[in-house]
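Dropping input-v2.txt in here (compact mmCIF, C-alpha atoms):
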# COMPACT_ATOMS: atom_id res chain seq x y z
CA MET A 466 89.18 126.00 73.75
CA GLU A 467 87.23 122.86 74.76
CA ARG A 468 89.84 120.69 73.02
CA MET A 469 92.65 122.51 74.80
CA ARG A 470 91.06 121.89 78.20
CA THR A 471 90.67 118.18 77.40
CA TYR A 472 94.36 117.95 76.43
CA ILE A 473 95.41 119.67 79.67
CA LEU A 474 93.22 117.35 81.77
CA TYR A 475 94.47 114.21 80.01
CA GLY A 476 98.06 115.46 80.17
CA SER A 477 97.84 116.15 83.91
CA GLY A 478 96.23 112.75 84.50
CA ILE A 479 98.97 110.93 82.60
CA VAL A 480 101.74 112.87 84.38
CA LEU A 481 100.20 112.15 87.80
CA CYS A 482 99.84 108.44 86.93
CA ILE A 483 103.47 108.19 85.84
CA ALA A 484 104.62 110.09 88.94
CA GLY A 485 102.60 107.77 91.19
CA ILE A 486 103.95 104.62 89.55
CA ALA A 487 107.52 106.00 89.69
CA TYR A 488 107.10 106.78 93.40
CA LEU A 489 105.76 103.31 94.21
CA ALA A 490 108.49 101.66 92.14
CA ALA A 491 111.18 103.70 93.93
CA GLU A 492 109.74 102.64 97.31
CA TYR A 493 109.65 98.95 96.35
CA VAL A 494 113.10 98.96 94.73
CA LYS A 495 114.62 99.76 98.15
CA TYR A 496 113.68 96.30 99.38
CA LEU A 497 114.85 94.36 96.30
CA SER A 498 118.04 92.30 96.26
CA GLU A 499 120.88 93.26 93.88
CA PRO A 500 120.11 90.49 91.33
CA GLY A 501 116.43 91.50 91.53
CA LYS A 502 117.31 95.12 90.76
CA LEU A 503 119.41 94.04 87.77
CA ALA A 504 116.63 91.80 86.42
CA CYS A 505 114.13 94.67 86.83
CA LEU A 506 116.43 97.05 84.96
CA LEU A 507 116.78 94.60 82.05
CA LEU A 508 113.03 94.02 81.95
CA VAL A 509 112.30 97.78 81.95
CA VAL A 510 114.74 98.26 79.07
CA GLY A 511 113.12 95.33 77.24
CA MET A 512 109.61 96.64 77.89
CA PHE A 513 110.33 100.12 76.53
CA GLY A 514 112.30 98.62 73.62
CA PHE A 515 109.39 96.37 72.61
CA LEU A 516 106.88 99.18 73.06
CA GLY A 517 109.01 101.40 70.85
CA LYS A 518 109.20 98.68 68.22
CA TYR A 519 105.43 98.17 68.40
CA PHE A 520 104.70 101.85 67.83
CA ASP A 521 107.37 101.95 65.13
CA GLN A 522 105.58 99.10 63.29
CA ARG A 523 102.30 100.97 63.52
CA GLY A 524 103.94 103.90 61.79
CA TRP A 525 103.87 106.36 64.74
CA MET B 780 99.26 87.59 66.69
CA ARG B 781 102.33 88.53 64.63
CA ARG B 782 101.01 92.08 64.37
CA ASN B 783 100.93 92.44 68.14
CA LEU B 784 104.09 90.44 68.85
CA PHE B 785 106.08 93.37 70.23
CA LEU B 786 103.13 94.60 72.27
CA ASN B 787 102.75 91.13 73.80
CA LEU B 788 106.49 90.99 74.53
CA ALA B 789 106.27 94.40 76.25
CA LEU B 790 103.33 93.14 78.31
CA ALA B 791 105.27 89.97 79.20
CA CYS B 792 108.16 92.15 80.42
CA PHE B 793 105.74 94.20 82.53
CA VAL B 794 104.18 91.08 84.08
CA SER B 795 107.67 89.64 84.78
CA LEU B 796 108.61 92.93 86.43
CA ILE B 797 105.65 92.72 88.81
CA ALA B 798 106.43 89.02 89.47
CA ILE B 799 110.04 89.92 90.41
CA PHE B 800 108.78 92.58 92.85
CA VAL B 801 106.54 90.04 94.56
CA PHE B 802 108.91 87.06 94.46
CA ASP B 803 112.08 88.92 95.39
CA GLY B 804 110.26 90.59 98.28
CA TYR B 805 109.14 87.20 99.54
CA LEU B 806 112.54 85.48 99.35
CA GLY B 807 115.15 85.93 102.07
CA ILE B 808 115.70 85.42 105.78
CA TYR B 809 113.00 87.03 107.93
CA ASP B 810 112.99 87.26 111.69
CA THR B 811 110.14 88.21 113.99
CA ILE B 812 110.43 88.93 117.70
CA TYR B 813 107.55 88.37 120.09
CA ILE B 814 107.93 89.89 123.56
CA THR B 815 105.63 89.44 126.54
CA ALA B 816 106.22 91.53 129.66
CA GLY B 817 103.53 91.24 132.28
CA GLU B 818 100.33 91.00 130.26
CA ARG B 819 101.61 93.21 127.47
CA GLU B 820 102.47 91.54 124.21
CA GLN B 821 104.53 93.11 121.48
CA THR B 822 105.47 91.89 118.02
CA ILE B 823 108.42 93.27 116.12
CA ALA B 824 107.85 92.45 112.48
CA PRO B 825 110.76 91.86 110.06
CA ASP B 826 110.15 95.13 108.21
CA HIS B 827 110.63 97.17 111.41
CA TRP B 828 114.41 97.21 110.81
CA TYR B 829 113.98 98.56 107.26
CA ARG B 830 111.32 101.12 108.04
CA TYR B 831 112.45 102.66 111.33
CA GLN B 832 115.79 103.82 112.70
CA TYR B 833 114.99 103.42 116.39
CA ASN B 834 115.36 100.24 118.44
CA PRO B 835 112.13 98.89 119.88
CA SER B 836 111.73 99.07 123.64
CA VAL B 837 109.90 97.14 126.30
CA GLY B 838 109.17 98.08 129.88
CA ALA B 839 108.92 95.82 132.92
CA ILE B 840 108.75 96.10 136.67
CA TRP B 841 111.99 95.31 138.49
CA GLU B 842 111.83 92.18 140.68
CA GLU B 843 108.23 91.53 139.69
CA GLU B 844 107.88 90.88 135.97
CA ARG B 845 109.75 88.45 133.82
CA ILE B 846 110.13 89.15 130.10
CA PHE B 847 109.46 86.29 127.70
CA PHE B 848 111.11 86.40 124.30
CA SER B 849 110.15 84.30 121.34
CA TYR B 850 112.34 84.65 118.24
CA GLU B 851 111.18 83.25 114.92
CA VAL B 852 113.55 82.89 111.97
CA ALA B 853 111.97 82.04 108.61
CA ASN B 854 114.18 80.71 105.84
CA ARG B 855 112.53 81.65 102.54
CA GLN B 856 115.44 80.48 100.40
CA PHE B 857 116.10 77.45 98.22
CA SER B 858 119.04 76.37 100.37
CA ARG B 859 119.38 75.30 103.99
CA TYR B 860 120.20 78.10 106.43
CA VAL B 861 122.67 77.14 109.15
CA THR B 862 123.27 79.68 111.85
CA GLN B 863 123.98 80.23 115.49
CA ILE B 864 121.30 82.26 117.25
CA GLN B 865 122.59 84.23 120.22
CA ALA B 866 120.86 86.54 122.65
CA SER B 867 122.58 88.55 125.34
CA VAL B 868 122.02 91.44 127.72
CA TRP B 869 124.26 94.50 127.48
CA LYS B 870 124.72 97.53 129.69
CA GLU B 871 126.86 100.52 128.72
CA ASN B 872 128.44 98.62 125.85
CA GLU B 873 129.51 95.70 128.03
CA LYS B 874 128.02 92.27 128.01
CA VAL B 875 126.15 91.47 131.21
CA VAL B 876 124.96 87.94 130.59
CA ASP B 877 124.20 85.48 127.79
CA LEU B 878 120.54 84.58 127.58
CA PHE B 879 120.51 82.09 124.75
CA SER B 880 122.88 80.44 122.31
CA GLU B 881 122.07 77.56 120.00
CA ASP B 882 123.05 76.29 116.55
CA LYS B 883 120.12 75.94 114.21
CA SER B 884 119.71 74.43 110.78
CA ILE B 885 116.60 75.63 108.97
CA GLU B 886 115.33 73.74 105.93
CA PRO B 887 114.32 75.71 102.79
CA PHE B 888 110.97 77.48 103.25
CA ASP B 889 110.80 76.43 106.87
CA GLN B 890 111.11 78.33 110.14
CA VAL B 891 112.29 77.82 113.70
CA THR B 892 111.24 79.50 116.90
CA VAL B 893 113.48 79.79 119.94
CA GLU B 894 112.49 81.10 123.33
CA TRP B 895 114.20 82.52 126.38
CA THR B 896 113.29 84.51 129.46
CA LEU B 897 114.85 87.53 131.10
CA ASP B 898 114.39 87.69 134.85
CA SER B 899 115.43 90.80 136.77
CA LYS B 900 116.48 88.57 139.69
CA GLN B 901 119.20 87.16 137.43
CA LEU B 902 120.49 90.70 136.83
CA GLN B 903 120.18 91.52 140.50
CA SER B 904 122.30 88.51 141.44
CA LEU B 905 125.01 89.92 139.15
CA GLY B 906 124.94 93.21 141.02
CA PHE B 907 122.82 95.23 138.62
CA SER B 908 119.85 97.38 139.48
CA GLN B 909 116.87 98.91 137.71
CA GLY B 910 117.45 100.93 134.56
CA GLU B 911 117.85 100.44 130.86
CA TYR B 912 119.46 97.38 129.31
CA THR B 913 120.05 96.38 125.71
CA ILE B 914 119.08 92.96 124.42
CA LYS B 915 121.20 91.93 121.47
CA ILE B 916 120.10 89.13 119.16
CA GLU B 917 122.60 87.90 116.58
CA HIS B 918 122.56 85.37 113.78
CA ASN B 919 124.89 85.15 110.78
CA GLY B 920 125.98 88.77 110.91
CA THR B 921 122.49 90.12 111.51
CA GLU B 922 122.15 92.05 114.74
CA ARG B 923 118.91 93.17 116.35
CA LYS B 924 118.85 95.45 119.38
CA MET B 925 116.05 96.11 121.81
CA LEU B 926 115.87 98.22 124.92
CA VAL B 927 114.53 96.87 128.17
CA ASN B 928 113.52 99.47 130.70
CA TYR B 929 113.25 98.07 134.22
CA ARG B 930 111.50 100.37 136.63
CA VAL B 931 110.37 100.28 140.23
CA PRO B 932 106.73 101.33 140.65
CA THR B 933 106.53 104.65 142.49
CA PRO B 934 104.27 104.66 145.56
CA PRO B 935 101.12 106.80 145.28
CA PRO B 936 101.49 110.38 146.59
CA TYR B 937 98.81 109.76 149.25
CA PRO B 938 99.03 107.37 152.24
CA SER B 939 97.95 103.87 151.31
CA LYS B 940 96.30 103.51 154.72
CA VAL B 941 94.26 106.40 156.03
CA PRO B 942 94.98 106.93 159.77
CA ALA B 943 92.01 106.49 162.04
CA PRO B 944 90.56 109.75 163.42
CA GLU B 945 91.77 110.62 166.90
CA GLY B 946 89.52 110.94 169.92
This structure in structure tokens:
Amino acid sequence: MERMRTYILYGSGIVLCIAGIAYLAAEYVKYLSEPGKLACLLLVVGMFGFLGKYFDQRGW
Amino acid sequence: MRRNLFLNLALACFVSLIAIFVFDGYLGIYDTIYITAGEREQTIAPDHWYRYQYNPSVGAIWEEERIFFSYEVANRQFSRYVTQIQASVWKENEKVVDLFSEDKSIEPFDQVTVEWTLDSKQLQSLGFSQGEYTIKIEHNGTERKMLVNYRVPTPPPYPSKVPAPEG
């Protein structure tokens, strides 16, 4: 029961963090130029790709 | 190092992402308007036009107050910015008078400030009276609009001079 509560708290915290970052990013993206938006998109793809590869190497 | 190569690359992407947000936000052409009417000063920051839909307004007293405009254009680009800066007064979608027009060449990461004045006597000489006017500022396809509201001060509802008691 204690473990379950911890998971729920951590889960909610992570979801709120991601939602906050997504909101801020969406607000800032409005003011970016078109080449800036494209560069950001490529970097986001690269970031998640490298993170995936990192976790893949660790055997997750 | 090799073990964390992909993690470091992901972090590098994240840092680059933040750098693009900062750098891209900084680059561009930014214009700021400073208005002084009477003793009231007003600054219209460059982000006003992105954040709000309404045109800023300024009030002044007809025949009494002049309105001083100061327009600053900052070129935060790697190339020279050549433009013609124009300011004019409009009423009911028709141009009343040109206030300012000058060609400017702004060096990279430099800025210029131009100034002009709007006097209600100038409008009066053209046959206009108190009311609302639109100030249009243009440069290289960018158009900024402001409203100027000229008013005549209403006299107080009581007599300015109290009559002397009779008898």
Next on the checklist: Would you pick out the contacts of region 497-507 of chain A at 10 Å or less, using all atoms listed in the file, so that residues sharing its chain but fewer than 4 positions from it are not included, and give the list as a list in words?
Outcome noted: Glu492, Tyr493, Gly511 and Met512 of chain A; Cys792, Phe793, Ser795, Leu796, Ile797, Ala798, Ile799, Phe800, Val801, Phe802, Asp803, Gly804, Tyr805, Leu806 and Gly807 of chain B
How would the residues just picked look written out with C-alpha atoms as a PDB file, keeping the file's coordinate frame?
ATOM      1  CA  GLU A 492     109.740 102.640  97.310  1.00  0.00           C
ATOM      2  CA  TYR A 493     109.650  98.950  96.350  1.00  0.00           C
ATOM      3  CA  GLY A 511     113.120  95.330  77.240  1.00  0.00           C
ATOM      4  CA  MET A 512     109.610  96.640  77.890  1.00  0.00           C
TER       5      MET A 512
ATOM      6  CA  CYS B 792     108.160  92.150  80.420  1.00  0.00           C
ATOM      7  CA  PHE B 793     105.740  94.200  82.530  1.00  0.00           C
ATOM      8  CA  SER B 795     107.670  89.640  84.780  1.00  0.00           C
ATOM      9  CA  LEU B 796     108.610  92.930  86.430  1.00  0.00           C
ATOM     10  CA  ILE B 797     105.650  92.720  88.810  1.00  0.00           C
ATOM     11  CA  ALA B 798     106.430  89.020  89.470  1.00  0.00           C
ATOM     12  CA  ILE B 799     110.040  89.920  90.410  1.00  0.00           C
ATOM     13  CA  PHE B 800     108.780  92.580  92.850  1.00  0.00           C
ATOM     14  CA  VAL B 801     106.540  90.040  94.560  1.00  0.00           C
ATOM     15  CA  PHE B 802     108.910  87.060  94.460  1.00  0.00           C
ATOM     16  CA  ASP B 803     112.080  88.920  95.390  1.00  0.00           C
ATOM     17  CA  GLY B 804     110.260  90.590  98.280  1.00  0.00           C
ATOM     18  CA  TYR B 805     109.140  87.200  99.540  1.00  0.00           C
ATOM     19  CA  LEU B 806     112.540  85.480  99.350  1.00  0.00           C
ATOM     20  CA  GLY B 807     115.150  85.930 102.070  1.00  0.00           C
TER      21      GLY B 807
END
Checklist entry - So which residues are close to (127.3, 86.1, 114.0), meaning at most 10 Å away in the file's coordinates with only C-alpha atoms counted, and can you show them as a list in words? => result Thr862, Gln863, Ile864, Gln865, Ile916, Glu917, His918, Asn919, Gly920, Thr921 and Glu922 of chain B
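Non-sequential neighbours of Asn854 (chain B) (distance at most 8 Å, separation of 2 or more positions within a chain, only C-alpha atoms) are Gly807, Ile808, Tyr809, Val852, Gln856, Arg859, Tyr860, Ile885, Glu886, Pro887, Phe888, Asp889 and Gln890 of chain B.
Take CA of Ala839 (chain B) and CA of Ser880 (chain B): the distance between them is 23.3 Å.
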Checklist entry - CA of Leu902 (chain B) to CA of Leu926 (chain B): how many Å, to one decimal? => result 14.8 Å
Item to check | Nearby residues, (127.2, 99.9, 131.7) file frame, 10 Å, only C-alpha atoms, as number ranges by chain | outcome: B: 869-875, 907, 911-913
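In this structure, CA of Trp525 (chain A) sits 16.8 Å away from CA of Ala789 (chain B).
Candidate residues A:Val510, A:Leu516, A:Ile479, A:Ile486 were compared for distance to chain B, and the nearest is A:Leu516, using all atoms listed in the file.
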Just region 469-480 of chain A, please, as an mmCIF file, in the first residue's frame (only N, CA and C atoms).
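Listing of selection-v5.cif after writing:
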data_model
loop_
_atom_site.group_PDB
_atom_site.id
_atom_site.type_symbol
_atom_site.label_atom_id
_atom_site.label_comp_id
_atom_site.auth_asym_id
_atom_site.auth_seq_id
_atom_site.Cartn_x
_atom_site.Cartn_y
_atom_site.Cartn_z
ATOM 1 N N MET A 469 2.565 1.608 -3.301
ATOM 2 C CA MET A 469 1.597 2.085 -4.301
ATOM 3 C C MET A 469 1.468 3.612 -4.240
ATOM 4 N N ARG A 470 1.392 4.116 -2.993
ATOM 5 C CA ARG A 470 1.233 5.557 -2.808
ATOM 6 C C ARG A 470 2.462 6.298 -3.342
ATOM 7 N N THR A 471 3.639 5.720 -3.086
ATOM 8 C CA THR A 471 4.885 6.335 -3.577
ATOM 9 C C THR A 471 4.877 6.403 -5.099
ATOM 10 N N TYR A 472 4.456 5.288 -5.732
ATOM 11 C CA TYR A 472 4.407 5.252 -7.204
ATOM 12 C C TYR A 472 3.455 6.324 -7.741
ATOM 13 N N ILE A 473 2.292 6.448 -7.080
ATOM 14 C CA ILE A 473 1.297 7.446 -7.543
ATOM 15 C C ILE A 473 1.860 8.856 -7.415
ATOM 16 N N LEU A 474 2.531 9.114 -6.261
ATOM 17 C CA LEU A 474 3.106 10.455 -6.048
ATOM 18 C C LEU A 474 4.190 10.765 -7.078
ATOM 19 N N TYR A 475 5.097 9.800 -7.265
ATOM 20 C CA TYR A 475 6.171 10.000 -8.249
ATOM 21 C C TYR A 475 5.601 10.179 -9.656
ATOM 22 N N GLY A 476 4.620 9.322 -9.967
ATOM 23 C CA GLY A 476 3.984 9.366 -11.296
ATOM 24 C C GLY A 476 3.355 10.717 -11.557
ATOM 25 N N SER A 477 2.585 11.217 -10.527
ATOM 26 C CA SER A 477 1.935 12.528 -10.707
ATOM 27 C C SER A 477 2.986 13.618 -10.862
ATOM 28 N N GLY A 478 4.044 13.550 -10.067
ATOM 29 C CA GLY A 478 5.126 14.549 -10.152
ATOM 30 C C GLY A 478 5.744 14.585 -11.533
ATOM 31 N N ILE A 479 6.031 13.404 -12.063
ATOM 32 C CA ILE A 479 6.666 13.321 -13.398
ATOM 33 C C ILE A 479 5.719 13.874 -14.472
ATOM 34 N N VAL A 480 4.448 13.477 -14.383
ATOM 35 C CA VAL A 480 3.462 13.954 -15.374
ATOM 36 C C VAL A 480 3.336 15.476 -15.324
#
